[in-house]
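Listing of entry16.pdb, PDB, C-alpha atoms
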```
ATOM      1  CA  MET G   1     -56.118  66.543  16.362
ATOM      2  CA  ALA G   2     -58.596  68.079  13.965
ATOM      3  CA  PRO G   3     -57.310  69.479  10.671
ATOM      4  CA  ALA G   4     -56.565  73.189  10.759
ATOM      5  CA  LEU G   5     -57.810  73.657   7.209
ATOM      6  CA  ARG G   6     -61.309  74.973   6.782
ATOM      7  CA  GLY G   7     -63.601  73.328   4.270
ATOM      8  CA  VAL G   8     -62.837  74.144   0.640
ATOM      9  CA  ARG G   9     -65.736  75.505  -1.332
ATOM     10  CA  ALA G  10     -67.673  73.029  -3.485
ATOM     11  CA  THR G  11     -68.279  75.317  -6.445
ATOM     12  CA  GLY G  12     -68.307  72.749  -9.239
ATOM     13  CA  ARG G  13     -65.471  74.573 -10.999
ATOM     14  CA  ASP G  14     -61.712  74.370 -11.093
ATOM     15  CA  PRO G  15     -60.723  75.147  -7.474
ATOM     16  CA  GLY G  16     -57.641  77.003  -8.664
ATOM     17  CA  TYR G  17     -54.386  76.860  -6.751
ATOM     18  CA  ASP G  18     -53.811  74.781  -3.679
ATOM     19  CA  VAL G  19     -51.607  77.504  -2.192
ATOM     20  CA  LEU G  20     -51.044  81.166  -2.950
ATOM     21  CA  VAL G  21     -48.178  83.053  -1.318
ATOM     22  CA  LEU G  22     -48.433  86.818  -0.968
ATOM     23  CA  GLY G  23     -45.235  88.651  -0.181
ATOM     24  CA  GLU G  24     -41.803  89.833  -1.132
ATOM     25  CA  VAL G  25     -39.044  88.204  -3.163
ATOM     26  CA  LEU G  26     -35.485  89.335  -2.481
ATOM     27  CA  VAL G  27     -32.122  89.182  -4.159
ATOM     28  CA  GLU G  28     -29.911  87.294  -1.721
ATOM     29  CA  ILE G  29     -26.208  88.095  -1.420
ATOM     30  CA  HIS G  30     -24.510  85.371   0.564
ATOM     31  CA  THR G  31     -21.051  85.389   2.116
ATOM     32  CA  ASP G  32     -19.243  82.888   4.313
ATOM     33  CA  THR G  33     -17.627  85.730   6.252
ATOM     34  CA  ALA G  34     -19.236  87.100   9.421
ATOM     35  CA  LEU G  35     -20.925  90.354   8.420
ATOM     36  CA  GLY G  36     -18.996  92.398  10.976
ATOM     37  CA  GLU G  37     -15.767  91.160   9.415
ATOM     38  CA  ALA G  38     -16.655  91.678   5.734
ATOM     39  CA  ALA G  39     -13.766  93.584   4.185
ATOM     40  CA  ASP G  40     -12.976  94.964   0.768
ATOM     41  CA  GLY G  41     -12.798  92.012  -1.618
ATOM     42  CA  THR G  42     -14.883  89.607   0.502
ATOM     43  CA  PRO G  43     -16.351  87.052  -1.937
ATOM     44  CA  ALA G  44     -20.120  86.591  -2.158
ATOM     45  CA  ARG G  45     -22.696  84.755  -4.267
ATOM     46  CA  ILE G  46     -26.100  85.831  -5.577
ATOM     47  CA  SER G  47     -29.229  83.769  -5.144
ATOM     48  CA  TYR G  48     -32.925  84.526  -4.594
ATOM     49  CA  SER G  49     -34.978  84.290  -1.450
ATOM     50  CA  GLY G  50     -37.381  86.283   0.724
ATOM     51  CA  ASP G  51     -39.943  84.683   3.000
ATOM     52  CA  ALA G  52     -42.587  84.497   0.271
ATOM     53  CA  LEU G  53     -40.338  82.691  -2.203
ATOM     54  CA  ASN G  54     -39.016  80.366   0.509
ATOM     55  CA  ALA G  55     -42.542  79.366   1.544
ATOM     56  CA  ALA G  56     -43.785  79.083  -2.033
ATOM     57  CA  ALA G  57     -40.871  76.843  -3.027
ATOM     58  CA  ALA G  58     -41.545  74.580  -0.046
ATOM     59  CA  ALA G  59     -45.259  74.390  -0.814
ATOM     60  CA  ALA G  60     -44.575  73.462  -4.423
ATOM     61  CA  ALA G  61     -42.033  70.830  -3.378
ATOM     62  CA  ALA G  62     -44.626  69.377  -0.982
ATOM     63  CA  GLY G  63     -46.937  68.728  -3.914
ATOM     64  CA  ALA G  64     -49.207  71.779  -3.927
ATOM     65  CA  ARG G  65     -50.083  73.742  -7.034
ATOM     66  CA  THR G  66     -48.553  77.019  -5.907
ATOM     67  CA  ALA G  67     -48.486  80.558  -7.255
ATOM     68  CA  LEU G  68     -46.605  83.628  -6.105
ATOM     69  CA  LEU G  69     -48.419  86.948  -5.707
ATOM     70  CA  THR G  70     -45.825  89.681  -5.583
ATOM     71  CA  VAL G  71     -44.393  92.716  -7.339
ATOM     72  CA  VAL G  72     -40.989  92.355  -8.977
ATOM     73  CA  GLY G  73     -38.795  95.216 -10.114
ATOM     74  CA  ASP G  74     -37.724  96.036 -13.646
ATOM     75  CA  ASP G  75     -34.008  96.054 -12.900
ATOM     76  CA  GLU G  76     -31.603  93.576 -14.481
ATOM     77  CA  LEU G  77     -32.214  90.962 -11.775
ATOM     78  CA  GLY G  78     -35.984  90.788 -12.242
ATOM     79  CA  ILE G  79     -35.930  88.143 -14.979
ATOM     80  CA  PRO G  80     -33.355  85.881 -13.277
ATOM     81  CA  LEU G  81     -35.399  86.164 -10.091
ATOM     82  CA  LEU G  82     -38.568  84.996 -11.847
ATOM     83  CA  ARG G  83     -36.687  82.235 -13.607
ATOM     84  CA  ARG G  84     -35.442  80.949 -10.270
ATOM     85  CA  ALA G  85     -38.956  80.957  -8.815
ATOM     86  CA  ALA G  86     -40.275  79.059 -11.833
ATOM     87  CA  ALA G  87     -37.426  76.557 -11.603
ATOM     88  CA  LEU G  88     -38.524  75.884  -8.021
ATOM     89  CA  GLY G  89     -41.958  74.862  -9.313
ATOM     90  CA  VAL G  90     -43.757  78.093  -8.435
ATOM     91  CA  ASP G  91     -46.189  79.655 -10.926
ATOM     92  CA  VAL G  92     -45.115  83.250 -11.594
ATOM     93  CA  ALA G  93     -47.787  84.020 -14.188
ATOM     94  CA  HIS G  94     -49.566  86.424 -11.850
ATOM     95  CA  VAL G  95     -46.537  88.390 -10.662
ATOM     96  CA  ARG G  96     -46.777  92.133 -11.312
ATOM     97  CA  ARG G  97     -43.877  94.367 -12.373
ATOM     98  CA  ALA G  98     -42.976  97.851 -11.164
ATOM     99  CA  PRO G  99     -40.408 100.468 -12.253
ATOM    100  CA  ARG G 100     -38.503 100.028  -9.001
ATOM    101  CA  PRO G 101     -35.431  98.070  -7.948
ATOM    102  CA  ASN G 102     -35.774  94.654  -6.374
ATOM    103  CA  GLY G 103     -35.114  94.460  -2.662
ATOM    104  CA  ALA G 104     -31.898  92.756  -1.583
ATOM    105  CA  TYR G 105     -30.225  91.483   1.545
ATOM    106  CA  LEU G 106     -26.799  90.360   2.653
ATOM    107  CA  LEU G 107     -26.340  87.435   5.009
ATOM    108  CA  ALA G 108     -23.652  85.170   6.367
ATOM    109  CA  ALA G 109     -23.980  81.434   6.977
ATOM    110  CA  ASP G 110     -26.288  81.024   9.964
ATOM    111  CA  THR G 111     -26.812  77.659  11.674
ATOM    112  CA  GLU G 112     -28.762  79.068  14.647
ATOM    113  CA  GLY G 113     -31.363  81.292  12.978
ATOM    114  CA  ASP G 114     -30.152  84.478  14.661
ATOM    115  CA  ARG G 115     -31.336  86.766  11.842
ATOM    116  CA  ALA G 116     -28.101  88.730  11.308
ATOM    117  CA  PHE G 117     -29.031  90.270   7.957
ATOM    118  CA  VAL G 118     -28.397  93.586   6.204
ATOM    119  CA  TYR G 119     -31.299  94.726   3.985
ATOM    120  CA  TRP G 120     -31.757  97.155   1.097
ATOM    121  CA  ARG G 121     -35.483  97.403   0.449
ATOM    122  CA  THR G 122     -36.536 101.060   0.838
ATOM    123  CA  HIS G 123     -38.735 101.989  -2.150
ATOM    124  CA  SER G 124     -38.353  98.468  -3.521
ATOM    125  CA  ALA G 125     -40.757  96.937  -5.995
ATOM    126  CA  GLY G 126     -42.090  94.641  -3.289
ATOM    127  CA  SER G 127     -43.032  97.610  -1.117
ATOM    128  CA  THR G 128     -45.479  98.840  -3.790
ATOM    129  CA  LEU G 129     -47.798  95.894  -3.135
ATOM    130  CA  SER G 130     -51.276  97.348  -2.600
ATOM    131  CA  THR G 131     -54.983  96.618  -2.501
ATOM    132  CA  ARG G 132     -55.028  97.425  -6.208
ATOM    133  CA  HIS G 133     -52.948  94.318  -6.785
ATOM    134  CA  VAL G 134     -55.166  92.307  -4.454
ATOM    135  CA  ASP G 135     -58.208  93.409  -6.453
ATOM    136  CA  SER G 136     -56.551  92.154  -9.633
ATOM    137  CA  TRP G 137     -55.995  88.762  -7.944
ATOM    138  CA  GLN G 138     -59.547  88.504  -6.616
ATOM    139  CA  ASP G 139     -60.506  85.388  -8.577
ATOM    140  CA  LEU G 140     -57.311  83.639  -7.548
ATOM    141  CA  LEU G 141     -57.850  84.456  -3.881
ATOM    142  CA  THR G 142     -61.467  83.337  -3.811
ATOM    143  CA  GLY G 143     -60.558  80.119  -5.615
ATOM    144  CA  THR G 144     -57.527  79.047  -3.623
ATOM    145  CA  LYS G 145     -57.516  76.490  -0.843
ATOM    146  CA  ALA G 146     -54.901  78.341   1.200
ATOM    147  CA  LEU G 147     -52.994  81.606   1.421
ATOM    148  CA  ILE G 148     -49.634  82.199   3.105
ATOM    149  CA  THR G 149     -48.498  85.678   4.065
ATOM    150  CA  SER G 150     -46.463  87.333   6.807
ATOM    151  CA  GLY G 151     -45.775  90.290   9.014
ATOM    152  CA  ILE G 152     -42.724  91.096   6.895
ATOM    153  CA  THR G 153     -44.967  91.781   3.930
ATOM    154  CA  GLY G 154     -47.222  93.885   6.118
ATOM    155  CA  ALA G 155     -44.265  95.916   7.362
ATOM    156  CA  LEU G 156     -42.878  96.945   3.978
ATOM    157  CA  SER G 157     -45.193  99.923   3.551
ATOM    158  CA  ARG G 158     -48.639 101.190   4.466
ATOM    159  CA  SER G 159     -50.008  99.946   1.139
ATOM    160  CA  SER G 160     -48.525  96.478   1.588
ATOM    161  CA  ARG G 161     -50.006  96.252   5.089
ATOM    162  CA  GLU G 162     -53.466  96.960   3.686
ATOM    163  CA  ALA G 163     -52.831  94.441   0.919
ATOM    164  CA  VAL G 164     -52.087  91.730   3.478
ATOM    165  CA  VAL G 165     -55.310  92.463   5.338
ATOM    166  CA  ALA G 166     -57.386  92.621   2.154
ATOM    167  CA  ALA G 167     -56.006  89.340   0.825
ATOM    168  CA  ALA G 168     -56.494  87.604   4.170
ATOM    169  CA  GLU G 169     -60.069  88.847   4.442
ATOM    170  CA  THR G 170     -60.820  87.739   0.891
ATOM    171  CA  VAL G 171     -59.536  84.196   1.403
ATOM    172  CA  HIS G 172     -61.146  83.843   4.814
ATOM    173  CA  GLY G 173     -64.443  85.208   3.528
ATOM    174  CA  ALA G 174     -64.442  82.683   0.689
ATOM    175  CA  GLY G 175     -63.910  79.792   3.108
ATOM    176  CA  GLY G 176     -60.193  79.295   2.508
ATOM    177  CA  HIS G 177     -57.350  78.743   4.951
ATOM    178  CA  LEU G 178     -54.817  81.391   6.008
ATOM    179  CA  SER G 179     -51.320  80.646   7.296
ATOM    180  CA  TYR G 180     -49.597  83.639   8.864
ATOM    181  CA  ASP G 181     -46.133  84.193  10.312
ATOM    182  CA  PRO G 182     -45.802  87.484  12.251
ATOM    183  CA  ASN G 183     -42.027  87.494  11.532
ATOM    184  CA  PHE G 184     -41.365  90.576  13.619
ATOM    185  CA  ARG G 185     -38.471  92.617  12.219
ATOM    186  CA  PRO G 186     -37.600  95.663  14.369
ATOM    187  CA  ARG G 187     -35.640  97.217  11.498
ATOM    188  CA  LEU G 188     -38.839  97.241   9.436
ATOM    189  CA  THR G 189     -41.575  98.095  11.899
ATOM    190  CA  GLY G 190     -42.334  99.059  15.478
ATOM    191  CA  ARG G 191     -44.044  96.892  18.063
ATOM    192  CA  ALA G 192     -47.255  98.922  18.032
ATOM    193  CA  GLU G 193     -47.673  98.634  14.275
ATOM    194  CA  ALA G 194     -46.850  94.903  14.282
ATOM    195  CA  ARG G 195     -49.286  94.267  17.119
ATOM    196  CA  GLU G 196     -52.015  96.193  15.323
ATOM    197  CA  LEU G 197     -51.544  94.096  12.194
ATOM    198  CA  LEU G 198     -51.501  90.896  14.234
ATOM    199  CA  ALA G 199     -54.787  91.845  15.894
ATOM    200  CA  ARG G 200     -56.392  92.293  12.472
ATOM    201  CA  ILE G 201     -54.998  89.099  10.998
ATOM    202  CA  ALA G 202     -55.150  86.605  13.887
ATOM    203  CA  PRO G 203     -58.947  86.118  13.809
ATOM    204  CA  LEU G 204     -58.684  85.128  10.136
ATOM    205  CA  THR G 205     -55.825  82.683  10.667
ATOM    206  CA  GLY G 206     -56.086  78.896  10.558
ATOM    207  CA  LEU G 207     -52.376  78.343  11.261
ATOM    208  CA  LEU G 208     -50.177  80.933  12.927
ATOM    209  CA  LYS G 209     -46.502  80.020  12.982
ATOM    210  CA  THR G 210     -44.296  82.145  15.202
ATOM    211  CA  SER G 211     -40.966  82.109  17.015
ATOM    212  CA  CYS G 212     -40.231  82.441  20.702
ATOM    213  CA  PRO G 213     -38.796  84.639  22.056
ATOM    214  CA  ALA G 214     -37.998  86.713  18.933
ATOM    215  CA  ASP G 215     -41.632  87.288  17.925
ATOM    216  CA  SER G 216     -43.459  86.537  21.144
ATOM    217  CA  GLU G 217     -41.681  89.009  23.441
ATOM    218  CA  ALA G 218     -42.372  91.869  21.055
ATOM    219  CA  LEU G 219     -45.893  90.924  20.014
ATOM    220  CA  VAL G 220     -47.554  89.203  22.961
ATOM    221  CA  GLY G 221     -45.213  90.115  25.816
ATOM    222  CA  THR G 222     -43.866  86.740  26.869
ATOM    223  CA  ALA G 223     -40.841  84.502  26.353
ATOM    224  CA  ASP G 224     -42.765  81.396  27.412
ATOM    225  CA  PRO G 225     -43.949  79.326  24.409
ATOM    226  CA  ARG G 226     -47.109  78.026  26.111
ATOM    227  CA  ALA G 227     -48.142  81.470  27.244
ATOM    228  CA  ALA G 228     -47.356  82.859  23.787
ATOM    229  CA  ALA G 229     -49.515  80.252  22.062
ATOM    230  CA  ALA G 230     -52.397  80.944  24.451
ATOM    231  CA  ARG G 231     -52.146  84.679  23.811
ATOM    232  CA  TYR G 232     -52.089  84.245  20.024
ATOM    233  CA  ARG G 233     -55.136  81.998  20.297
ATOM    234  CA  ALA G 234     -56.864  84.585  22.487
ATOM    235  CA  LEU G 235     -56.396  87.032  19.610
ATOM    236  CA  GLY G 236     -58.331  84.616  17.388
ATOM    237  CA  ALA G 237     -55.772  82.317  15.744
ATOM    238  CA  ARG G 238     -57.239  78.822  15.546
ATOM    239  CA  THR G 239     -54.004  76.799  15.612
ATOM    240  CA  VAL G 240     -50.596  78.089  16.738
ATOM    241  CA  VAL G 241     -47.143  76.644  16.150
ATOM    242  CA  VAL G 242     -44.342  78.172  18.229
ATOM    243  CA  THR G 243     -40.741  77.374  17.355
ATOM    244  CA  ALA G 244     -38.780  77.300  20.589
ATOM    245  CA  GLY G 245     -35.167  76.753  19.567
ATOM    246  CA  ALA G 246     -33.771  74.463  16.914
ATOM    247  CA  ASP G 247     -34.872  71.205  18.520
ATOM    248  CA  ARG G 248     -38.560  71.531  19.358
ATOM    249  CA  LEU G 249     -41.792  73.333  18.620
ATOM    250  CA  LEU G 250     -45.041  73.780  20.492
ATOM    251  CA  LEU G 251     -48.311  72.928  18.749
ATOM    252  CA  ASP G 252     -51.476  74.373  20.290
ATOM    253  CA  ASP G 253     -54.674  73.423  18.473
ATOM    254  CA  GLY G 254     -57.051  74.586  21.170
ATOM    255  CA  ALA G 255     -57.628  71.097  22.540
ATOM    256  CA  ARG G 256     -54.104  70.735  23.889
ATOM    257  CA  ALA G 257     -50.679  72.271  23.682
ATOM    258  CA  GLU G 258     -47.779  69.854  23.186
ATOM    259  CA  TYR G 259     -44.090  70.115  22.432
ATOM    260  CA  HIS G 260     -42.830  68.107  19.466
ATOM    261  CA  PRO G 261     -39.159  67.292  18.842
ATOM    262  CA  VAL G 262     -37.780  68.468  15.509
ATOM    263  CA  PRO G 263     -35.677  65.956  13.530
ATOM    264  CA  VAL G 264     -32.031  66.788  14.048
ATOM    265  CA  ASN G 265     -29.932  67.694  11.029
ATOM    266  CA  PRO G 266     -26.430  66.414  11.851
ATOM    267  CA  ARG G 267     -24.738  68.739   9.355
ATOM    268  CA  PRO G 268     -26.452  72.135   9.459
ATOM    269  CA  VAL G 269     -25.156  74.741   7.037
ATOM    270  CA  ASP G 270     -27.598  77.643   7.194
ATOM    271  CA  ALA G 271     -30.919  78.020   9.035
ATOM    272  CA  THR G 272     -32.100  80.893   6.833
ATOM    273  CA  GLY G 273     -35.643  80.219   5.642
ATOM    274  CA  ALA G 274     -36.226  77.110   7.767
ATOM    275  CA  GLY G 275     -39.333  78.633   9.331
ATOM    276  CA  ASP G 276     -40.673  79.566   5.907
ATOM    277  CA  CYS G 277     -40.004  76.011   4.730
ATOM    278  CA  PHE G 278     -42.039  74.709   7.667
ATOM    279  CA  THR G 279     -44.961  77.021   6.903
ATOM    280  CA  GLY G 280     -44.955  76.293   3.169
ATOM    281  CA  THR G 281     -44.772  72.549   3.664
ATOM    282  CA  ALA G 282     -47.377  72.332   6.427
ATOM    283  CA  THR G 283     -49.802  74.590   4.581
ATOM    284  CA  ALA G 284     -49.406  72.615   1.368
ATOM    285  CA  ARG G 285     -50.118  69.328   3.101
ATOM    286  CA  LEU G 286     -53.186  70.782   4.822
ATOM    287  CA  ALA G 287     -54.425  72.047   1.465
ATOM    288  CA  LEU G 288     -53.885  68.590  -0.025
ATOM    289  CA  GLY G 289     -56.006  66.972   2.684
ATOM    290  CA  ASP G 290     -53.568  65.834   5.377
ATOM    291  CA  GLY G 291     -54.525  66.188   9.022
ATOM    292  CA  LEU G 292     -52.840  68.714  11.264
ATOM    293  CA  ALA G 293     -50.526  66.247  13.015
ATOM    294  CA  ASP G 294     -49.201  64.876   9.729
ATOM    295  CA  ALA G 295     -48.854  68.324   8.167
ATOM    296  CA  VAL G 296     -46.840  69.563  11.150
ATOM    297  CA  ALA G 297     -44.638  66.448  11.075
ATOM    298  CA  TYR G 298     -43.916  67.028   7.393
ATOM    299  CA  GLY G 299     -43.224  70.704   8.050
ATOM    300  CA  MET G 300     -40.694  69.871  10.755
ATOM    301  CA  ALA G 301     -38.962  67.309   8.550
ATOM    302  CA  ALA G 302     -38.741  69.671   5.575
ATOM    303  CA  ALA G 303     -37.411  72.504   7.759
ATOM    304  CA  SER G 304     -34.743  70.203   9.189
ATOM    305  CA  LEU G 305     -33.629  69.112   5.734
ATOM    306  CA  SER G 306     -33.602  72.689   4.455
ATOM    307  CA  VAL G 307     -30.783  73.787   6.765
ATOM    308  CA  SER G 308     -28.367  71.671   4.711
ATOM    309  CA  GLY G 309     -28.380  74.370   2.030
ATOM    310  CA  ARG G 310     -27.052  77.917   1.878
ATOM    311  CA  GLY G 311     -29.623  80.688   1.799
ATOM    312  CA  GLY G 312     -33.392  80.644   1.838
ATOM    313  CA  THR G 313     -33.857  78.363  -1.170
ATOM    314  CA  GLY G 314     -30.481  76.659  -1.247
ATOM    315  CA  ARG G 315     -31.984  73.337  -0.153
ATOM    316  CA  VAL G 316     -35.651  72.694  -0.892
ATOM    317  CA  PRO G 317     -36.325  69.029  -0.087
ATOM    318  CA  THR G 318     -38.564  66.949  -2.305
ATOM    319  CA  PHE G 319     -41.674  65.544  -0.707
ATOM    320  CA  PRO G 320     -40.401  61.936  -0.813
ATOM    321  CA  GLU G 321     -37.341  63.094   1.158
ATOM    322  CA  THR G 322     -39.551  64.961   3.612
ATOM    323  CA  ALA G 323     -41.963  62.061   4.048
ATOM    324  CA  ALA G 324     -39.116  59.593   4.566
ATOM    325  CA  LEU G 325     -37.542  61.694   7.309
ATOM    326  CA  ALA G 326     -40.911  62.269   9.004
ATOM    327  CA  ALA G 327     -41.620  58.530   8.979
ATOM    328  CA  ALA G 328     -38.158  57.671  10.305
ATOM    329  CA  HIS G 329     -38.491  60.298  13.040
ATOM    330  CA  ARG G 330     -41.794  58.848  14.148
ATOM    331  CA  GLY G 331     -40.565  55.275  13.827
ATOM    332  CA  SER G 332     -37.632  55.981  16.122
ATOM    333  CA  GLY G 333     -39.981  57.191  18.823
ATOM    334  CA  ALA G 334     -38.475  60.678  18.643
ATOM    335  CA  GLY G 335     -41.604  62.053  17.063
ATOM    336  CA  ARG G 336     -43.756  61.554  20.178
ATOM    337  CA  PRO G 337     -44.887  64.736  21.965
ATOM    338  CA  LEU G 338     -42.630  65.926  24.765
ATOM    339  CA  ASP G 339     -43.473  66.941  28.290
ATOM    340  CA  GLY G 340     -42.533  70.432  29.368
TER     341      GLY G 340
END
```

Reformat the file's structure so that it appears as structure tokens.
Amino acid sequence: MAPALRGVRATGRDPGYDVLVLGEVLVEIHTDTALGEAADGTPARISYSGDALNAAAAAAAAGARTALLTVVGDDELGIPLLRRAAALGVDVAHVRRAPRPNGAYLLAADTEGDRAFVYWRTHSAGSTLSTRHVDSWQDLLTGTKALITSGITGALSRSSREAVVAAAETVHGAGGHLSYDPNFRPRLTGRAEARELLARIAPLTGLLKTSCPADSEALVGTADPRAAAARYRALGARTVVVTAGADRLLLDDGARAEYHPVPVNPRPVDATGAGDCFTGTATARLALGDGLADAVAYGMAAASLSVSGRGGTGRVPTFPETAALAAAHRGSGAGRPLDG
């Protein structure tokens, strides 16, 4: 398989970051009680997550020089949030601040990835992301090897949607790679708006990671992973990865579409952020020069390891751990493509 990463510009200067992640960071409130049964006095813990932070943490752990491009609120949790991102190895020097609260969400332990979350993000700091911010990050975007962003970011507000498009166009125009996850959230956006954004972003995308059927039924009208991948590619995405349950994913690079088994985690705790971990890891390895097959294998291994932790960044595997699991998975024969 050919690498999904486009050629990095030979400018004779510092190439900047390996990976930039544009998106939202959230305060995460985590409980072990099913959300429908949460009663007065139910205990909970605070951590920090959001798809952008999850992906950025994974990219940094995979060895990429990674920076977060986001807007963080000026409430009391803003500084702890940034400290957590920095502790995960993510550069937060370019984060902007806004006189708004930080978005938050409540979740229960989720081993199946069923997305049972409660969000508070209306008028959040993250929703103020705009093309003005993208303009201020212009040098970073034209100098990066890869950008990760998502449909969640594009659904936060009209200004954030335009910011996603502007950033994607900037990176693509400069010869960089774009990884995009549509991450359809019906509580945030409608199908028409999500499809419109997808149509604008797909032609710029080197790696589109999506889920089936959660994303594919809403966005491309099918619950079949192969058909979904073909439809995303018809929109312009060069390489498509479709997660089809916890145990396999479909990789379609244009030459062929094959299922790959995901390493099994025997003790799953919480699947929150596993898809983001895949995208961050795979994008980082592409940016660092790995081929597509290796990058996807590392992404699957990292995602599998990540479900041992609670919350989106509760378990961010180191790259030696990821590489060891990927090698063992291949060595056992389980890493060979599947029929079907």

What box, with edges along x, y and z, holds each listed atom of region 121-134 of chain G when 5 Å is added on every side, and can you state its centre and edge lengths in Å to one decimal, as lines of an AutoDock Vina configuration file?
```
center_x = -45.3
center_y = 97.1
center_z = -3.0
size_x = 29.7
size_y = 19.7
size_z = 17.6
```

Query raised in the report: So which one's closest to Tyr105 (chain G), G:Glu28, G:Glu217, G:Asp290, G:Asp91? Using all atoms listed in the file, please.
Result: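 Of all the options, G:Glu28 lies closest to Tyr105 (chain G).
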
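Reported to one decimal place, the separation of CA of Ala229 (chain G) from CA of Val241 (chain G) is 7.3 Å.
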
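Computed from the coordinates, the CA of Arg248 (chain G) to CA of Val262 (chain G) distance equals 5.0 Å.
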
Report task. Could you tell me which of G:Ala125, G:Ala52, G:Ile201, G:Leu77 comes closest to Ile152 (chain G) if we count all atoms listed in the file? Result -> G:Ala52

Query - Exercise: Thr122 (chain G) partners within 10 Å, all atoms listed in the file, chain neighbours under 4 positions left out, as a PyMOL selection string - result: chain G and resi 101-104+126-127+156-157+188

For the residues in the current selection, export C-alpha atoms as a short mmCIF file (atom, residue, chain, number, x, y, z; two decimals), keeping the file's coordinate frame.
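Full text of result_12.cif as output:
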```
data_model
loop_
_atom_site.label_atom_id
_atom_site.label_comp_id
_atom_site.auth_asym_id
_atom_site.auth_seq_id
_atom_site.Cartn_x
_atom_site.Cartn_y
_atom_site.Cartn_z
CA PRO G 101 -35.43 98.07 -7.95
CA ASN G 102 -35.77 94.65 -6.37
CA GLY G 103 -35.11 94.46 -2.66
CA ALA G 104 -31.90 92.76 -1.58
CA GLY G 126 -42.09 94.64 -3.29
CA SER G 127 -43.03 97.61 -1.12
CA LEU G 156 -42.88 96.94 3.98
CA SER G 157 -45.19 99.92 3.55
CA LEU G 188 -38.84 97.24 9.44
#
```
